[in-house]
Amino acid sequence: LERLNSVLEPHRLLVLAEKGGEQIEELTAHPDFRVLATMNPGGDFGKKELSPAMRNRFTEVWVKSVMDREDLEVISAQRFRNDLQHFTTPLLDFVDWFRSYFGANKTGVVSLRNILAWVDFMNSIVLHHSKQLDVSIKGKERQLGQEEGEEEKINEVERYEAYIHGAFLVLLDALGATVTTKTGLSSKRGKCYKQLLSIVPEHITTLFDIPLFIKSGVLTRKQEDTTNADMEQDTNPEANNKDEKMFGLTGSPFKIAKGAYQVPEKLNFALKASTTAKNVTRVLRGMQLSKPILLEGSPGVGKTSLITAIAKASGHQVVRINLSEQTDMMDLLGSDLPVEGGEGGEFAWCDGIFLQALIQGHWVLLDELNLASQSVLEGLNAVLDHRANIFIPELGKNFECPPTFRIFAAQNPAAQGGGRKGLPKSFLNRFTTVYVDELGDEDMEFIVNHIYPNIESEILTKMIRFNRELYNKVMVQRQFGVLGGPWEFNLRDIFRWCDLITADTYLEVQEQNINDGNNNISYNAPEKYLDLLYLQRMRTEVDRSQVLKLFNQVFGTVFEPNPNPYWHISPTHVQINDVFIERQTKNTQEMMQYDDLLILHHSLPILENMIRCVNGSWMVILSGNSASGKTSSVRLLAQLTNHKLHEFSMNSSVDTTDLLGGFEQTDLIRHKRKLINEIEGIVVFITEKLLVLNHNNHNHKVGYLTEIHSIYSLFLKQQKQSLEQQQLQQQQSEANNTNANVLDEVEYQMIKQMIQKLKEVAEYLNEKYSVAQLELIERNINQLKSAVIGSVLGKFEWIDGLLIQALERGEWILFDNVNFCNPSVLDRLNPLLEPQGTLVVNERGLLDGTVRTIVPHPKFRIFLAMDPQNGEISRAMRNRGVEIFILSPKTDSLDTILLLNNVGILGKTLPQKLIQFHKVLKKLVKFTDNTHFTIRHLLHWAQLIVEQINRGDDLKLAVINAMMLVYVTTPKSQLRRNDIMELFEQKFEGVFESFGGTAVEVAEKEGTGRIGAVCKHLMSVGIWPVFVHGKDYTLDSTLSTIKRQSSLLFYYIQLSQFQSLSNRNGSNADDSNIINEESDMNLLQYYNFINKLNANNNNNNVVLKESEKVEDQNGEKYGLLYFIENSTKLD
């Protein structure tokens, strides 16, 4: 604005310095040129005052609000029809009472625009017939008519009906947006209803069901059949559409014109529910005027689905636009974008998604309205008010809103946070505000019974009751669950619960078990999924126990979750308890992204719940303190199931372009690298297939391998030299490389030869997908061959972001530290996270005349991870996913020993000492220096010990030096450091001697020898000497399972052997006596047994014979089941 100061001066001069040139151009204003400006005063949301210098250059006029009673009477009477002018006084009387009742802060909301909307609504009811329904007249409001053929004059009763409905439309439907508590909302609504009726003559009120009106706000005549008239009972869209041109609910006076699109036979939306019917009626009532409609309500109440259902039932198309702080006017209206495939530097205008919907006459739903920036909202003012048009300066054109074009907006209350802000009153009063009521228990029962008829009604009733009582105790009474709140317990949770029950694949078996008197969970038993949906989101053990207690009270059960899940990994599936997930057959080289992942006992319940979410296509939100295993759990599940996982670490500077992509300058070398990487992946995949192929003609297989890799090795050398040359060319001037080809002839021929050979082998292996992939690569290579580097200079192309790539390929993506980024960035993904959701990439503009809409691949999954100590994400985002809070693992557990063994600290003795020291120190320092030691510190200590031992340090020196680096240097107080050193000396007193001469002397007396002394310290069941990593299951799940099962028996055989040697009086065994001939025979018999067990397991028929059992030192024979059965006792 300050740039225009010179124009506002008396000389009215504008200097165009931006234009450049030898002479600076100056413009002097035409004598008739005038500047007028309007603004709302500062202090409202998003409004600011102008600078004194700017205001001093204007003649400032204060326009007083038209709130004087006499002025309002004149304006209203003039706007009313002649037969409605006597409603001027009752209307203004109610407005005055409404202002006084809600106080001064509400007065500003009831503006002249609201009063005129009430007047116009009544005029429209009285004036027009059904043929003029939903027809927009330039400069007038959209009108409502009666049934076709009805011509008689509206009687007095119907005029008062219009008066009452007008009050709801303008004032009462929006009450929930200002009154936050349910009890307060119900009380204030009741007083408003009584005051509204006090103005209506008594002979009119006697015709209506007043108690029903006071209770629910539904206006029904007494002589009408309340079963049909009451919106609480009647809303079948198929039965309500007797008029082929109109849509509305039976018994409701409000109807809208049907659109040109086909109405589906069945809506996936229960309109018969009482509260839903009321919400639909409010929306249809608001649609009698051409004003846009704003829906406000808590997450999960069904704002978006409500508009979508009305649109489908009435034959209209809804264009959903998800707003955020990243959205600007160019995204909505359009901009000049690069022409893909056009000439260098060629740009063309591309309509935005909002402008395209306006031109085509569709409905537009602006979702998350209060996340958008102020400039975007104010830029739509002309479309939202009586002007009903929009001017595009870049095109110099004005676009009028067609009659079928409607604008809807949805938002969560600003008080719920997540980047949401209050909107200015001048913007809000352009909307008809409708507060969407939350569904009650009866509504939920009706909906879930309609959608899930296979679940017992009694079970559904208890599920809904439990959901409601949990909400009351946590959110209203705040008895527990304060940490992590506020929470949402709504219909989304009930739907997920029902989906899990109906998806149970063990229906017949479990029902049979129940009938037989077993305690197994039946098909209709909801306790099976309580842990995932309700327990795991709570952030303390106390809160989880309270939720479990409430569940048992409501359902009358004594349910306890299983703390020891069973798990098994086969070549085709991963199983935890009775949850299965299929393992993909993919290139294992891609899956081996992580080498140090372990399957821990602590992570099994987390993995089980994550598998349920993956099977249900739900977003997983993992929250927990630092080093609790959030990221590792996702990595482990992706690796075990052979899914490629992308990781994206969020921060404060991330915006939507980082996730979705953007325009970049065309780079042919980038395309070349991409194709080469794809060829490399196929080479690895084909090689693996050939290596594991069982074929009689061994020479034939070796010949294929030799041919492929001889060509591939030559190609790698050639393309490396080629890329280096092309990079040098790009660094030179454009004149020297404009005619250079991205693929030279030698390189092209080698790629063609390799593709042909790979296709031949792929057809031989019957790998149809690889053949199709190679054919696509071949086409792209041919296009790249003819491309010249100079031909793409100045050209731009759209590059998909990581999210879109994963969406289309069916890969997994993990957004880590999601609470570090702006909440509006995540809310951009809301449409994707809805059931059957899609992602509209309006940032790219139109593609072949349409906005690019991405339907997620069936195997695409999204995970979020965050540490709640750094803040929370928005309630709307949390409600769209399933929250799993990972409690910090116990330090003194076998899981921790397993982690330390994985680092390189073998056995049990030394790891237990490290754990004991860490545990005591953690408590000591936490309450004094505010220093938090996590399991990461312990693992870091172990890694440093291993590194120093590998460099030749003594064990004792390595432990002390590593401890000093990790623990002693962290606290600020020198006194605290001395305490740490004293604690170390106390905990490790005599420990290092057990690994030295003293242990050897004892071992020699016992007869176990030097190696026996070491082995006794290293022996740990399931950990050493048999150790199974997570990656082992990815490479060979069968072998890894055998190793894990055999580790139990191997441990006890070794333990028994050491005990046997120690019992030999006077024996001086050396190292060779640790495993004697008898033990070797036992192990041999055992491994034969394992092999036979595995062979029989393929046929699901395991038979244990006496000869296959293992004989122990005393000649007694035990089978595998004995060792598994007794392992927990001995451990």
# chains A, B, ... in the order shown; residues from 1 in each chain; ligands from 1
>>> residues_around(residues="Phe45 in chain A", least_positions_apart="2", cutoff="8 Å", atoms="only C-alpha atoms", output="list in words")
Gly43, Lys47, Gly422, Leu423, Pro424 and Lys425 of chain A
>>> select_by_dssp(residues="range 464-511 of chain A", states="alpha helix (DSSP H)", output="list in words")
Ile464, Arg465, Phe466, Asn467, Arg468, Glu469, Leu470, Tyr471, Leu491, Arg492, Asp493, Ile494, Phe495, Arg496, Trp497, Cys498, Asp499, Leu500, Ile501, Thr502, Leu507, Glu508, Val509, Gln510 and Glu511 of chain A
>>> closest_residue(among="A:Ile390, A:Leu758, A:Ile359, A:Leu607", to="Glu680 in chain A", atoms="only C-alpha atoms")
A:Leu758
>>> residues_around(residues="Val7 in chain A", least_positions_apart="3", cutoff="12 Å", atoms="only C-alpha atoms", output="list in words")
Leu1, Glu2, Arg3, Leu4, Pro10, His11, Arg12, Leu13, Leu14, Val15, Leu16, Glu26, Leu27, Thr28, Ala29, His30, Phe33, Arg34, Val35, Met54, Arg57 and Phe58 of chain A
>>> residues_around(residues="range 437-446 of chain A", least_positions_apart="2", cutoff="6 Å", atoms="only C-alpha atoms", output="PyMOL selection string")
chain A and resi 273-275+301+448-449
>>> closest_atom_pairs(of="range 424-526 of chain A", to="range 613-627 of chain A", cutoff="9 Å", atoms="only C-alpha atoms", output="JSON lines")
{"residue": "A:Arg496", "atom": "CA", "partner": "A:Gly616", "partner_atom": "CA", "distance": 8.4}
{"residue": "A:Asp499", "atom": "CA", "partner": "A:Gly616", "partner_atom": "CA", "distance": 7.9}
{"residue": "A:Leu500", "atom": "CA", "partner": "A:Gly616", "partner_atom": "CA", "distance": 7.7}
{"residue": "A:Ala503", "atom": "CA", "partner": "A:Gly616", "partner_atom": "CA", "distance": 8.8}
>>> select_by_dssp(residues="range 630-696 of chain A", states="strand (DSSP E or B)", output="PyMOL selection string")
chain A and resi 645-649+661-665
>>> residues_around(residues="range 561-577 of chain A", least_positions_apart="3", cutoff="6 Å", atoms="only C-alpha atoms", output="list of chain:residue names")
A:Phe580, A:Ile581, A:Glu582, A:Arg583, A:Glu608, A:Ser1037
>>> write_last_selection(atoms="N, CA, C and O atoms", output="CSV table (one decimal), in the first residue's frame")
chain,number,residue,atom,x,y,z
A,580,PHE,N,-3.3,-61.9,11.3
A,580,PHE,CA,-2.5,-62.3,10.2
A,580,PHE,C,-2.3,-61.1,9.3
A,580,PHE,O,-3.2,-60.3,9.1
A,581,ILE,N,-1.1,-61.0,8.7
A,581,ILE,CA,-0.9,-60.1,7.6
A,581,ILE,C,0.0,-60.8,6.6
A,581,ILE,O,0.9,-61.5,6.9
A,582,GLU,N,-0.3,-60.6,5.3
A,582,GLU,CA,0.4,-61.3,4.2
A,582,GLU,C,1.7,-60.7,4.0
A,582,GLU,O,1.9,-59.4,4.1
A,583,ARG,N,2.7,-61.5,3.7
A,583,ARG,CA,4.0,-61.0,3.4
A,583,ARG,C,4.1,-61.0,1.8
A,583,ARG,O,3.8,-61.9,1.1
A,608,GLU,N,0.9,-56.2,16.9
A,608,GLU,CA,-0.4,-56.8,16.7
A,608,GLU,C,-1.4,-55.7,16.4
A,608,GLU,O,-2.2,-55.9,15.4
A,1037,SER,N,12.4,-67.0,6.6
A,1037,SER,CA,11.6,-67.1,7.8
A,1037,SER,C,11.6,-68.6,8.4
A,1037,SER,O,11.6,-68.8,9.6
